[in-house]
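Raw contents of entry_38.cif, mmCIF, C-alpha atoms:
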data_structure
#
loop_
_atom_site.label_atom_id
_atom_site.label_comp_id
_atom_site.auth_asym_id
_atom_site.auth_seq_id
_atom_site.Cartn_x
_atom_site.Cartn_y
_atom_site.Cartn_z
CA MET J 1 -57.39 -162.54 130.50
CA LEU J 2 -60.05 -163.79 128.18
CA LYS J 3 -61.93 -160.50 128.58
CA MET J 4 -58.83 -158.47 127.64
CA ILE J 5 -58.20 -160.59 124.62
CA THR J 6 -61.83 -160.23 123.56
CA ILE J 7 -61.60 -156.45 123.87
CA ALA J 8 -58.39 -156.42 121.87
CA ALA J 9 -59.95 -158.55 119.19
CA LYS J 10 -62.93 -156.21 118.98
CA ALA J 11 -60.57 -153.26 118.72
CA VAL J 12 -58.79 -154.90 115.81
CA PHE J 13 -62.13 -155.53 114.16
CA VAL J 14 -63.24 -151.90 114.60
CA THR J 15 -59.89 -150.62 113.38
CA VAL J 16 -60.14 -152.73 110.28
CA ILE J 17 -63.64 -151.42 109.64
CA MET J 18 -62.39 -147.83 109.98
CA VAL J 19 -59.49 -148.41 107.64
CA VAL J 20 -61.82 -149.81 105.07
CA ALA J 21 -64.19 -146.86 105.53
CA THR J 22 -61.51 -144.22 105.01
CA SER J 23 -59.83 -145.83 102.04
CA ALA J 24 -62.26 -144.63 99.38
CA GLN J 25 -60.14 -143.89 96.36
CA SER J 26 -60.64 -143.21 92.72
CA THR J 27 -58.50 -143.05 89.64
CA THR J 28 -60.84 -140.78 87.70
CA GLY J 29 -62.56 -137.46 88.23
CA THR J 30 -64.84 -135.36 86.08
CA VAL J 31 -65.43 -131.72 85.28
CA ASN J 32 -68.74 -130.94 83.62
CA MET J 33 -68.97 -127.59 81.92
CA SER J 34 -71.60 -125.60 80.08
CA GLY J 35 -72.13 -122.10 78.79
CA THR J 36 -74.94 -120.13 77.20
CA VAL J 37 -74.85 -117.77 74.27
CA SER J 38 -77.94 -115.62 74.00
CA LYS J 39 -78.91 -113.60 70.96
CA PHE J 40 -77.22 -110.25 71.11
CA VAL J 41 -77.79 -107.09 69.10
CA GLU J 42 -76.77 -103.52 69.51
CA ILE J 43 -76.97 -100.21 67.65
CA ASN J 44 -74.49 -97.39 68.01
CA SER J 45 -73.40 -94.35 66.15
CA GLY J 46 -71.41 -95.08 63.05
CA GLY J 47 -69.68 -91.71 63.09
CA ALA J 48 -70.22 -88.04 62.40
CA VAL J 49 -73.38 -86.63 60.83
CA THR J 50 -73.23 -84.98 57.43
CA LEU J 51 -75.58 -82.04 56.92
CA SER J 52 -75.95 -80.49 53.48
CA GLY J 53 -78.13 -77.93 51.72
CA ASN J 54 -78.93 -76.21 54.95
CA SER J 55 -79.42 -72.52 55.48
CA GLY J 56 -78.65 -71.89 59.10
CA GLY J 57 -79.02 -74.74 61.50
CA GLY J 58 -76.29 -77.28 62.07
CA VAL J 59 -75.42 -80.44 63.91
CA THR J 60 -76.22 -79.76 67.53
CA THR J 61 -75.09 -83.12 68.92
CA ASP J 62 -72.89 -85.08 66.61
CA GLY J 63 -72.45 -88.81 66.44
CA THR J 64 -69.29 -90.48 67.70
CA ALA J 65 -68.47 -93.87 66.26
CA ASN J 66 -69.21 -96.77 68.61
CA ASN J 67 -70.96 -94.55 71.13
CA PRO J 68 -74.68 -94.65 71.79
CA LEU J 69 -76.70 -93.05 69.04
CA ALA J 70 -78.06 -89.72 70.30
CA VAL J 71 -77.83 -87.25 67.46
CA VAL J 72 -79.49 -83.83 67.35
CA VAL J 73 -79.68 -81.93 64.07
CA ASN J 74 -81.15 -78.52 63.29
CA LEU J 75 -82.08 -78.51 59.61
CA GLY J 76 -82.29 -74.73 59.59
CA GLU J 77 -84.52 -72.78 57.26
CA LEU J 78 -86.93 -74.95 55.25
CA GLY J 79 -88.89 -72.15 53.61
CA PRO J 80 -88.29 -70.98 50.04
CA SER J 81 -85.58 -68.60 51.22
CA ASN J 82 -83.40 -71.69 51.28
CA THR J 83 -82.67 -72.19 47.61
CA SER J 84 -81.17 -75.65 47.96
CA SER J 85 -82.97 -78.53 46.34
CA PHE J 86 -82.92 -80.44 49.61
CA VAL J 87 -81.74 -80.10 53.16
CA SER J 88 -80.28 -83.48 53.89
CA ALA J 89 -78.83 -85.08 57.02
CA SER J 90 -76.96 -88.36 56.81
CA VAL J 91 -76.66 -90.16 60.15
CA PRO J 92 -74.31 -93.18 60.17
CA LEU J 93 -75.59 -96.19 62.11
CA LYS J 94 -73.56 -99.16 63.26
CA LEU J 95 -75.24 -102.50 63.94
CA ARG J 96 -73.67 -105.52 65.58
CA SER J 97 -75.22 -108.89 66.25
CA ASN J 98 -74.58 -112.60 66.62
CA ALA J 99 -77.96 -113.43 65.10
CA ALA J 100 -80.25 -112.30 62.32
CA TYR J 101 -81.40 -108.78 63.08
CA VAL J 102 -84.27 -106.41 62.37
CA LEU J 103 -83.78 -102.65 62.39
CA SER J 104 -87.02 -100.77 62.98
CA LEU J 105 -87.81 -97.09 62.89
CA LEU J 106 -90.50 -95.19 64.73
CA ALA J 107 -90.79 -91.54 63.75
CA THR J 108 -92.90 -88.71 65.09
CA VAL J 109 -93.26 -85.33 63.41
CA SER J 110 -94.89 -82.41 65.19
CA SER J 111 -95.28 -78.91 63.88
CA SER J 112 -96.43 -75.63 65.34
CA GLY J 113 -98.40 -75.08 62.19
CA THR J 114 -102.11 -75.75 62.07
CA THR J 115 -102.96 -76.00 58.40
CA ALA J 116 -102.41 -78.58 55.72
CA ASN J 117 -99.46 -76.51 54.58
CA ARG J 118 -97.45 -77.24 57.72
CA ILE J 119 -94.62 -79.75 57.53
CA VAL J 120 -95.96 -83.24 58.13
CA ALA J 121 -94.35 -86.68 58.27
CA SER J 122 -94.69 -87.27 54.55
CA ASP J 123 -92.67 -84.11 53.88
CA VAL J 124 -89.64 -85.61 55.59
CA GLY J 125 -87.88 -87.91 53.24
CA PHE J 126 -86.13 -90.93 54.65
CA GLY J 127 -84.07 -93.80 53.35
CA LEU J 128 -81.05 -95.91 54.05
CA GLY J 129 -77.86 -95.62 52.06
CA SER J 130 -75.45 -98.37 51.15
CA VAL J 131 -75.00 -101.12 53.69
CA THR J 132 -71.35 -101.91 54.43
CA ARG J 133 -70.10 -105.13 55.96
CA THR J 134 -66.33 -104.90 56.08
CA GLY J 135 -63.54 -105.43 58.55
CA VAL J 136 -62.00 -108.28 60.51
CA GLY J 137 -64.62 -110.45 62.13
CA VAL J 138 -67.55 -109.16 60.08
CA ASN J 139 -69.82 -111.63 58.34
CA SER J 140 -69.07 -110.07 54.98
CA THR J 141 -71.19 -112.55 53.04
CA GLY J 142 -74.34 -111.89 55.01
CA SER J 143 -77.18 -110.33 53.05
CA ASP J 144 -79.47 -107.47 54.04
CA THR J 145 -82.88 -106.35 52.90
CA ASP J 146 -83.55 -102.64 52.73
CA GLY J 147 -87.16 -101.73 53.42
CA THR J 148 -86.65 -98.20 52.16
CA SER J 149 -86.05 -96.84 48.70
CA GLY J 150 -82.57 -95.54 49.49
CA ASP J 151 -81.49 -91.93 49.46
CA PRO J 152 -84.75 -89.94 49.41
CA THR J 153 -83.16 -87.20 47.32
CA LEU J 154 -82.78 -89.54 44.38
CA ALA J 155 -84.91 -88.41 41.47
CA ALA J 156 -86.77 -91.68 41.42
CA ASN J 157 -87.97 -91.25 44.99
CA GLY J 158 -90.01 -88.10 44.69
CA ALA J 159 -91.60 -85.52 42.46
CA VAL J 160 -93.86 -82.52 42.40
CA ASN J 161 -97.49 -83.48 42.64
CA ALA J 162 -99.00 -82.31 39.39
CA THR J 163 -102.28 -81.49 41.05
CA THR J 164 -101.20 -79.80 44.25
CA GLY J 165 -97.77 -78.62 43.22
CA ARG J 166 -96.32 -79.88 46.46
CA PHE J 167 -93.14 -81.91 46.32
CA GLU J 168 -93.77 -85.42 47.64
CA PHE J 169 -91.58 -88.36 48.47
CA THR J 170 -93.53 -91.00 46.60
CA ALA J 171 -91.41 -94.16 46.58
CA PRO J 172 -92.22 -96.92 49.08
CA GLY J 173 -90.71 -96.25 52.48
CA SER J 174 -89.25 -92.95 51.30
CA ASN J 175 -90.78 -90.64 53.91
CA LEU J 176 -91.46 -90.73 57.62
CA GLY J 177 -95.16 -91.19 57.06
CA ALA J 178 -94.35 -94.83 56.49
CA PHE J 179 -92.82 -95.08 59.94
CA SER J 180 -95.48 -93.54 62.13
CA SER J 181 -95.58 -96.90 63.88
CA SER J 182 -92.52 -99.06 64.40
CA THR J 183 -91.70 -100.45 60.97
CA THR J 184 -88.85 -102.52 59.64
CA ALA J 185 -86.33 -100.46 57.75
CA LEU J 186 -83.61 -103.08 57.37
CA ASN J 187 -83.10 -106.72 58.24
CA GLY J 188 -80.44 -109.25 57.55
CA ALA J 189 -78.11 -112.02 58.57
CA PHE J 190 -75.92 -112.01 61.65
CA VAL J 191 -73.33 -109.27 61.51
CA LEU J 192 -70.32 -110.53 63.41
CA ASN J 193 -68.50 -113.82 63.51
CA ALA J 194 -67.23 -115.13 66.84
CA VAL J 195 -65.10 -112.17 67.89
CA PRO J 196 -64.90 -110.32 71.17
CA ARG J 197 -66.88 -107.21 71.91
CA SER J 198 -63.62 -105.27 71.86
CA ASN J 199 -63.67 -105.73 68.09
CA THR J 200 -65.34 -102.50 66.99
CA ASN J 201 -66.29 -103.56 63.49
CA GLY J 202 -69.88 -104.02 62.41
CA LEU J 203 -72.46 -103.24 59.77
CA THR J 204 -72.65 -99.54 58.92
CA VAL J 205 -75.45 -97.83 57.08
CA PRO J 206 -76.34 -94.16 56.73
CA ALA J 207 -79.85 -93.10 57.68
CA ILE J 208 -80.69 -90.20 55.38
CA PHE J 209 -83.30 -87.61 56.21
CA ALA J 210 -84.27 -84.91 53.71
CA VAL J 211 -86.69 -82.05 53.40
CA LYS J 212 -87.31 -80.08 50.24
CA PRO J 213 -87.65 -76.36 51.03
CA GLN J 214 -91.14 -75.22 50.06
CA PHE J 215 -93.78 -72.63 50.92
CA TYR J 216 -94.64 -74.44 54.13
CA GLU J 217 -96.72 -72.75 56.77
CA VAL J 218 -94.58 -70.63 59.04
CA GLY J 219 -93.57 -72.39 62.21
CA SER J 220 -91.18 -74.87 63.71
CA THR J 221 -91.19 -78.60 63.32
CA THR J 222 -89.67 -81.32 65.46
CA VAL J 223 -88.84 -84.75 64.12
CA THR J 224 -87.90 -87.62 66.41
CA ALA J 225 -86.64 -90.83 64.87
CA THR J 226 -86.08 -93.81 67.12
CA PHE J 227 -84.18 -96.78 65.75
CA THR J 228 -84.48 -100.14 67.43
CA VAL J 229 -82.61 -103.31 66.57
CA THR J 230 -83.88 -106.70 67.64
CA ALA J 231 -83.06 -110.34 67.06
CA PRO J 232 -86.37 -112.12 66.61
CA MET N 1 -65.39 -170.77 126.78
CA ARG N 2 -62.13 -171.63 125.07
CA SER N 3 -64.12 -172.63 122.07
CA LYS N 4 -65.89 -169.25 121.84
CA PHE N 5 -62.58 -167.43 122.31
CA GLY N 6 -60.99 -169.45 119.57
CA ILE N 7 -63.84 -168.74 117.17
CA LEU N 8 -63.61 -165.00 117.88
CA ILE N 9 -59.89 -164.92 117.23
CA LEU N 10 -60.25 -166.96 114.08
CA ASN N 11 -62.99 -164.68 112.82
CA CYS N 12 -60.85 -161.61 113.39
CA LEU N 13 -57.84 -163.20 111.74
CA ALA N 14 -59.94 -164.31 108.84
CA PHE N 15 -61.39 -160.83 108.43
CA VAL N 16 -57.99 -159.16 108.66
CA GLY N 17 -56.60 -161.74 106.30
CA GLY N 18 -59.43 -161.11 103.92
CA VAL N 19 -58.87 -157.38 103.93
CA GLY N 20 -55.18 -157.97 103.50
CA THR N 21 -55.75 -159.75 100.26
CA VAL N 22 -57.46 -156.68 98.76
CA PRO N 23 -54.63 -154.77 97.11
CA ALA N 24 -54.20 -151.25 98.50
CA GLN N 25 -54.97 -148.79 95.70
CA ALA N 26 -51.76 -147.29 94.47
CA LEU N 27 -53.18 -144.27 92.71
CA ASP N 28 -55.79 -141.70 93.64
CA ILE N 29 -57.25 -138.50 92.23
CA SER N 30 -59.65 -136.30 94.17
CA SER N 31 -60.81 -132.79 94.68
CA GLY N 32 -57.95 -130.47 95.48
CA GLY N 33 -60.11 -127.85 97.14
CA THR N 34 -62.77 -125.32 96.29
CA PRO N 35 -62.95 -124.38 92.60
CA THR N 36 -63.37 -120.69 91.78
CA ILE N 37 -64.89 -118.68 88.94
CA THR N 38 -64.33 -115.06 87.93
CA GLY N 39 -65.71 -112.84 85.18
CA ALA N 40 -68.95 -114.75 84.83
CA LEU N 41 -72.42 -113.37 84.22
CA ASN N 42 -74.95 -115.72 85.79
CA GLY N 43 -72.28 -118.42 86.00
CA SER N 44 -71.19 -120.72 88.79
CA VAL N 45 -68.89 -123.54 89.74
CA THR N 46 -69.53 -126.28 92.26
CA GLY N 47 -67.17 -128.84 93.72
CA SER N 48 -66.05 -130.16 97.06
CA SER N 49 -63.77 -128.08 99.25
CA SER N 50 -62.39 -131.26 100.83
CA VAL N 51 -59.44 -133.13 99.36
CA LEU N 52 -61.00 -136.28 100.80
CA ASN N 53 -63.86 -136.14 98.31
CA ASP N 54 -64.02 -137.28 94.73
CA LEU N 55 -63.30 -134.87 91.91
CA VAL N 56 -66.79 -133.96 90.71
CA VAL N 57 -66.95 -130.40 89.45
CA ALA N 58 -69.72 -128.61 87.58
CA ILE N 59 -68.85 -125.41 85.74
CA ASN N 60 -71.48 -123.07 84.35
CA PHE N 61 -69.68 -120.37 82.42
CA GLY N 62 -72.97 -118.47 82.32
CA GLU N 63 -73.63 -115.94 79.59
CA ILE N 64 -70.75 -115.84 77.12
CA SER N 65 -72.25 -113.58 74.48
CA PRO N 66 -71.13 -109.92 74.39
CA ALA N 67 -73.85 -109.31 76.97
CA ASN N 68 -71.13 -110.38 79.40
CA THR N 69 -68.80 -107.40 79.34
CA SER N 70 -66.00 -109.20 81.18
CA SER N 71 -62.90 -109.75 79.11
CA LEU N 72 -62.66 -113.37 80.21
CA VAL N 73 -64.48 -115.99 82.24
CA LYS N 74 -61.92 -117.96 84.24
CA VAL N 75 -62.36 -121.11 86.31
CA VAL N 76 -59.65 -122.65 88.51
CA VAL N 77 -60.16 -126.29 89.54
CA PRO N 78 -57.67 -127.67 92.10
CA ILE N 79 -57.01 -131.39 91.73
CA ALA N 80 -55.26 -133.62 94.30
CA VAL N 81 -53.25 -136.69 93.31
CA ARG N 82 -51.65 -139.47 95.36
CA SER N 83 -49.60 -142.51 94.39
CA ASN N 84 -47.13 -145.02 95.71
CA ARG N 85 -45.45 -145.32 92.33
CA ALA N 86 -44.67 -143.30 89.23
CA TYR N 87 -47.87 -141.90 87.79
CA ARG N 88 -49.40 -140.09 84.89
CA VAL N 89 -52.52 -137.92 84.67
CA THR N 90 -54.45 -137.86 81.43
CA ALA N 91 -57.37 -135.70 80.41
CA SER N 92 -59.98 -136.21 77.73
CA VAL N 93 -63.03 -134.31 76.56
CA SER N 94 -66.39 -135.28 75.21
CA GLY N 95 -69.00 -132.85 73.90
CA ALA N 96 -68.58 -129.20 72.96
CA THR N 97 -68.98 -129.89 69.28
CA ASN N 98 -70.96 -127.53 67.07
CA ALA N 99 -71.45 -127.78 63.34
CA ASN N 100 -71.82 -124.01 63.14
CA LEU N 101 -68.28 -122.66 63.14
CA GLN N 102 -69.50 -119.42 64.67
CA ALA N 103 -70.84 -121.28 67.70
CA VAL N 104 -68.60 -122.15 70.64
CA GLN N 105 -65.98 -124.68 69.62
CA ARG N 106 -63.54 -126.71 71.69
CA THR N 107 -60.84 -124.34 70.53
CA ASP N 108 -62.66 -121.50 72.29
CA ILE N 109 -62.12 -122.98 75.75
CA GLY N 110 -58.63 -122.38 77.07
CA PHE N 111 -57.15 -125.21 79.14
CA GLY N 112 -53.95 -125.04 81.15
CA VAL N 113 -52.23 -126.73 84.09
CA ASN N 114 -50.48 -124.69 86.74
CA ASN N 115 -49.26 -124.43 90.27
CA PHE N 116 -48.18 -127.99 91.08
CA ARG N 117 -47.64 -128.00 94.84
CA VAL N 118 -47.16 -130.16 97.90
CA MET N 119 -50.21 -131.29 99.86
CA GLY N 120 -49.03 -131.93 103.41
CA SER N 121 -46.16 -133.48 105.26
CA ARG N 122 -46.63 -136.97 103.89
CA ALA N 123 -46.12 -135.93 100.29
CA ARG N 124 -43.20 -137.84 98.85
CA ASN N 125 -40.27 -135.70 97.77
CA CYS N 126 -38.33 -137.56 95.13
CA ALA N 127 -34.93 -136.21 94.22
CA ARG N 128 -34.27 -138.36 91.16
CA SER N 129 -37.16 -137.31 88.94
CA ASN N 130 -39.25 -134.25 88.33
CA HIS N 131 -42.97 -133.83 88.01
CA ILE N 132 -43.64 -132.69 84.46
CA ILE N 133 -46.54 -130.63 83.13
CA TYR N 134 -46.55 -131.39 79.44
CA ASN N 135 -46.63 -128.99 76.56
CA PRO N 136 -48.78 -127.29 75.48
CA PHE N 137 -50.66 -127.39 78.76
CA ASN N 138 -48.06 -125.70 80.98
CA ASN N 139 -49.59 -122.25 80.68
CA ASN N 140 -52.20 -120.08 82.27
CA PRO N 141 -54.72 -119.47 79.49
CA ALA N 142 -55.96 -116.34 81.23
CA ASN N 143 -52.54 -114.79 80.65
CA SER N 144 -51.89 -116.18 77.20
CA VAL N 145 -55.05 -115.44 75.25
CA THR N 146 -54.49 -113.70 71.93
CA ILE N 147 -56.64 -112.62 68.98
CA ASN N 148 -56.01 -114.43 65.73
CA ALA N 149 -56.18 -113.04 62.20
CA ASN N 150 -59.92 -113.69 62.06
CA GLY N 151 -60.46 -111.66 65.18
CA ARG N 152 -61.26 -114.68 67.36
CA ALA N 153 -59.70 -115.39 70.74
CA THR N 154 -57.18 -118.22 70.80
CA TYR N 155 -54.98 -119.96 73.37
CA PRO N 156 -51.78 -122.02 73.41
CA SER N 157 -53.83 -124.98 74.63
CA THR N 158 -57.53 -125.69 74.64
CA ILE N 159 -59.78 -128.62 75.34
CA ASN N 160 -59.43 -129.38 71.65
CA ASN N 161 -55.97 -130.69 72.60
CA ILE N 162 -57.55 -133.48 74.67
CA VAL N 163 -60.02 -135.00 72.25
CA SER N 164 -58.46 -138.36 73.14
CA PRO N 165 -56.88 -139.21 76.51
CA THR N 166 -53.78 -137.04 76.61
CA MET N 167 -51.04 -136.99 79.20
CA ILE N 168 -50.93 -133.62 80.92
CA LEU N 169 -48.79 -134.50 83.94
CA SER N 170 -46.45 -137.27 85.12
CA GLY N 171 -43.78 -137.87 87.66
CA PRO N 172 -42.39 -140.02 90.43
CA ARG N 173 -44.17 -141.34 93.47
CA LEU N 174 -46.42 -138.76 95.11
CA SER N 175 -47.12 -140.18 98.57
CA GLN N 176 -45.29 -141.57 101.54
CA GLY N 177 -46.72 -144.96 102.39
CA ASN N 178 -49.63 -145.97 100.22
CA ALA N 179 -52.00 -143.73 98.30
CA GLN N 180 -54.75 -143.88 100.88
CA ARG N 181 -56.82 -140.75 100.66
CA ARG N 182 -55.63 -138.37 103.35
CA THR N 183 -55.29 -134.62 103.61
CA ASP N 184 -51.50 -134.63 103.72
CA ASN N 185 -50.07 -137.25 101.42
CA GLY N 186 -49.90 -136.02 97.88
CA TYR N 187 -49.78 -133.06 95.56
CA ILE N 188 -52.28 -130.57 94.20
CA PHE N 189 -52.32 -128.83 90.83
CA ASP N 190 -54.66 -126.30 89.29
CA VAL N 191 -56.48 -126.81 86.03
CA ILE N 192 -57.53 -123.50 84.52
CA PHE N 193 -60.38 -123.14 82.04
CA THR N 194 -61.11 -119.87 80.25
CA ILE N 195 -63.55 -118.60 77.70
CA MET N 196 -63.79 -115.12 76.26
CA PRO N 197 -67.29 -113.71 75.70
CA GLN N 198 -67.66 -113.23 71.96
CA PHE N 199 -70.23 -112.90 69.21
CA TYR N 200 -70.75 -116.65 69.14
CA ALA N 201 -73.83 -118.02 67.46
CA ASP N 202 -76.52 -118.42 70.06
CA GLY N 203 -77.03 -121.73 71.82
CA ILE N 204 -75.92 -123.83 74.75
CA THR N 205 -72.65 -125.73 74.75
CA SER N 206 -71.62 -128.44 77.18
CA ALA N 207 -68.66 -130.75 77.65
CA VAL N 208 -67.26 -133.27 80.08
CA ILE N 209 -63.57 -133.46 80.93
CA THR N 210 -62.37 -136.71 82.48
CA PHE N 211 -59.13 -136.80 84.44
CA THR N 212 -57.50 -140.17 85.02
CA ILE N 213 -54.45 -141.13 87.07
CA SER N 214 -52.64 -144.31 86.12
CA ASP N 215 -49.24 -145.91 86.18
CA GLY N 216 -46.77 -143.51 84.69
CA PRO N 217 -43.66 -143.57 82.63
CA ASN N 218 -40.52 -144.61 84.46
CA ALA N 219 -39.63 -141.95 87.03
CA PRO N 220 -37.32 -143.20 89.79
CA CYS N 221 -37.80 -141.65 93.16
#

Show the structure stored in the file as structure tokens.
Amino acid sequence: MLKMITIAAKAVFVTVIMVVATSAQSTTGTVNMSGTVSKFVEINSGGAVTLSGNSGGGVTTDGTANNPLAVVVNLGELGPSNTSSFVSASVPLKLRSNAAYVLSLLATVSSSGTTANRIVASDVGFGLGSVTRTGVGVNSTGSDTDGTSGDPTLAANGAVNATTGRFEFTAPGSNLGAFSSSTTALNGAFVLNAVPRSNTNGLTVPAIFAVKPQFYEVGSTTVTATFTVTAP
Amino acid sequence: MRSKFGILILNCLAFVGGVGTVPAQALDISSGGTPTITGALNGSVTGSSSVLNDLVVAINFGEISPANTSSLVKVVVPIAVRSNRAYRVTASVSGATNANLQAVQRTDIGFGVNNFRVMGSRARNCARSNHIIYNPFNNNPANSVTINANGRATYPSTINNIVSPTMILSGPRLSQGNAQRRTDNGYIFDVIFTIMPQFYADGITSAVITFTISDGPNAPC
């Protein structure tokens, strides 16, 4: 009898212990959350290319706004048979960023010619046109610094060399000779406020390339311009 | 022998009596199951899958710049509640403040309460009062995100609506018997957090949401 009662008492004791052990309760709970925003920049086409002053040639691969920039332009005849003052191609760029950006240009110019009269990098004028920051979500008050001298066809950006007679783009950053290594062409403040990527607005700027038709050495010339945007 | 027996019985009675004087907890909040995350880039969410464990959830939304091409990062956190009386659940936030208005703000994190449901056969079904999810939280922010005039994503309710303890849910008794933590004696609801990847200013943002269950407004069962 005593043994049974002892066992029963122990059972009660164990049961009580178990009840206590399974009764953990709380009146509060927590959710910790975090997220990371990294610097983000991108460059795309800002739209269709404008080619002017050309004799022959044309836009082989045009730009399409908001698509990757991969434009191909044939400037056509650059000898004196082209009577235009300049052959000029304006390529719209679109930049988007959540941080201060730097737009750099690396240009290579290769010609089949072999003499000093062939087309070289300094014969290819370059400059950036007006920077536009407009549209919903764009940081319209952000400032930008242009490392070029603007449209290379402006009178202030070039002249005939009085000694050699060759037309030269003389202003700072006004020809591709200044971009034979990656060099800053434009930099500025963040472009977009906190808006989704589906917002297609951004900073647009035309990249203008120009060649003045001259008595260059006969041959063909290839120019490759690579734009890179970074957020240092 | 009788003396030893008597001491044993007295000890047991004293122990039981002692336990009996500890008031059974009338209210409980715990994990409601495994939390989930979708749309994240390098994100994660951790929390217990068991409703017997405390509510301790860690959300990492991951990359929320435009580098994440998902339209939305969504996290669903199930929460279990039990009570032997009318209850209320409040939520409050700390953190997620940024002086730079282009950085992530509390208003950028959608916050809604959905899918209130029975957890097991010992959930109390009260006919005289309803469980109420309060405005503006009774929405799924993943389905109600819009773009405001400035181009920024916005929601009917965000964690900016809980800067001080704010009632999100209340109702009548939740459990049959007491609110002892079991797998079958309460209700579960989902809390949904969302954030849309945007051109936020770079940086890391963190916040803590605290959920509290307490005695509620009068809600007869």

Could you list, as a PyMOL selection string, every residue of chain N that has an atom within 8 Å of an atom of chain J, counting all atoms listed in the file?
-> chain N and resi 5+8-9+12+15-16+19+25+27-30+54-67+69+102-103+149-153+180-181+196-214

Keeping only C-alpha atoms, write those residues as an mmCIF file, in the coordinates of the input.
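Heads up, here's the output in again_17.cif:
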data_model
loop_
_atom_site.group_PDB
_atom_site.id
_atom_site.type_symbol
_atom_site.label_atom_id
_atom_site.label_comp_id
_atom_site.auth_asym_id
_atom_site.auth_seq_id
_atom_site.Cartn_x
_atom_site.Cartn_y
_atom_site.Cartn_z
ATOM 1 C CA PHE N 5 -62.580 -167.430 122.310
ATOM 2 C CA LEU N 8 -63.610 -165.000 117.880
ATOM 3 C CA ILE N 9 -59.890 -164.920 117.230
ATOM 4 C CA CYS N 12 -60.850 -161.610 113.390
ATOM 5 C CA PHE N 15 -61.390 -160.830 108.430
ATOM 6 C CA VAL N 16 -57.990 -159.160 108.660
ATOM 7 C CA VAL N 19 -58.870 -157.380 103.930
ATOM 8 C CA GLN N 25 -54.970 -148.790 95.700
ATOM 9 C CA LEU N 27 -53.180 -144.270 92.710
ATOM 10 C CA ASP N 28 -55.790 -141.700 93.640
ATOM 11 C CA ILE N 29 -57.250 -138.500 92.230
ATOM 12 C CA SER N 30 -59.650 -136.300 94.170
ATOM 13 C CA ASP N 54 -64.020 -137.280 94.730
ATOM 14 C CA LEU N 55 -63.300 -134.870 91.910
ATOM 15 C CA VAL N 56 -66.790 -133.960 90.710
ATOM 16 C CA VAL N 57 -66.950 -130.400 89.450
ATOM 17 C CA ALA N 58 -69.720 -128.610 87.580
ATOM 18 C CA ILE N 59 -68.850 -125.410 85.740
ATOM 19 C CA ASN N 60 -71.480 -123.070 84.350
ATOM 20 C CA PHE N 61 -69.680 -120.370 82.420
ATOM 21 C CA GLY N 62 -72.970 -118.470 82.320
ATOM 22 C CA GLU N 63 -73.630 -115.940 79.590
ATOM 23 C CA ILE N 64 -70.750 -115.840 77.120
ATOM 24 C CA SER N 65 -72.250 -113.580 74.480
ATOM 25 C CA PRO N 66 -71.130 -109.920 74.390
ATOM 26 C CA ALA N 67 -73.850 -109.310 76.970
ATOM 27 C CA THR N 69 -68.800 -107.400 79.340
ATOM 28 C CA GLN N 102 -69.500 -119.420 64.670
ATOM 29 C CA ALA N 103 -70.840 -121.280 67.700
ATOM 30 C CA ALA N 149 -56.180 -113.040 62.200
ATOM 31 C CA ASN N 150 -59.920 -113.690 62.060
ATOM 32 C CA GLY N 151 -60.460 -111.660 65.180
ATOM 33 C CA ARG N 152 -61.260 -114.680 67.360
ATOM 34 C CA ALA N 153 -59.700 -115.390 70.740
ATOM 35 C CA GLN N 180 -54.750 -143.880 100.880
ATOM 36 C CA ARG N 181 -56.820 -140.750 100.660
ATOM 37 C CA MET N 196 -63.790 -115.120 76.260
ATOM 38 C CA PRO N 197 -67.290 -113.710 75.700
ATOM 39 C CA GLN N 198 -67.660 -113.230 71.960
ATOM 40 C CA PHE N 199 -70.230 -112.900 69.210
ATOM 41 C CA TYR N 200 -70.750 -116.650 69.140
ATOM 42 C CA ALA N 201 -73.830 -118.020 67.460
ATOM 43 C CA ASP N 202 -76.520 -118.420 70.060
ATOM 44 C CA GLY N 203 -77.030 -121.730 71.820
ATOM 45 C CA ILE N 204 -75.920 -123.830 74.750
ATOM 46 C CA THR N 205 -72.650 -125.730 74.750
ATOM 47 C CA SER N 206 -71.620 -128.440 77.180
ATOM 48 C CA ALA N 207 -68.660 -130.750 77.650
ATOM 49 C CA VAL N 208 -67.260 -133.270 80.080
ATOM 50 C CA ILE N 209 -63.570 -133.460 80.930
ATOM 51 C CA THR N 210 -62.370 -136.710 82.480
ATOM 52 C CA PHE N 211 -59.130 -136.800 84.440
ATOM 53 C CA THR N 212 -57.500 -140.170 85.020
ATOM 54 C CA ILE N 213 -54.450 -141.130 87.070
ATOM 55 C CA SER N 214 -52.640 -144.310 86.120
#

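Taking atom CA of Asn53 of chain N and atom CA of Val77 of chain N as endpoints, the distance between them is 13.7 Å.
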
Leaving out Val73 of chain J and any residue of its chain fewer than 3 positions from it, which residues lie within 10 Å of it when counting all atoms listed in the file, given as an mmCIF file with C-alpha atoms, in the coordinates of the input?
data_model
loop_
_atom_site.group_PDB
_atom_site.id
_atom_site.type_symbol
_atom_site.label_atom_id
_atom_site.label_comp_id
_atom_site.auth_asym_id
_atom_site.auth_seq_id
_atom_site.Cartn_x
_atom_site.Cartn_y
_atom_site.Cartn_z
ATOM 1 C CA VAL J 49 -73.380 -86.630 60.830
ATOM 2 C CA THR J 50 -73.230 -84.980 57.430
ATOM 3 C CA LEU J 51 -75.580 -82.040 56.920
ATOM 4 C CA GLY J 57 -79.020 -74.740 61.500
ATOM 5 C CA GLY J 58 -76.290 -77.280 62.070
ATOM 6 C CA VAL J 59 -75.420 -80.440 63.910
ATOM 7 C CA THR J 60 -76.220 -79.760 67.530
ATOM 8 C CA THR J 61 -75.090 -83.120 68.920
ATOM 9 C CA ASP J 62 -72.890 -85.080 66.610
ATOM 10 C CA GLY J 76 -82.290 -74.730 59.590
ATOM 11 C CA ALA J 89 -78.830 -85.080 57.020
ATOM 12 C CA VAL J 91 -76.660 -90.160 60.150
ATOM 13 C CA VAL J 223 -88.840 -84.750 64.120
#
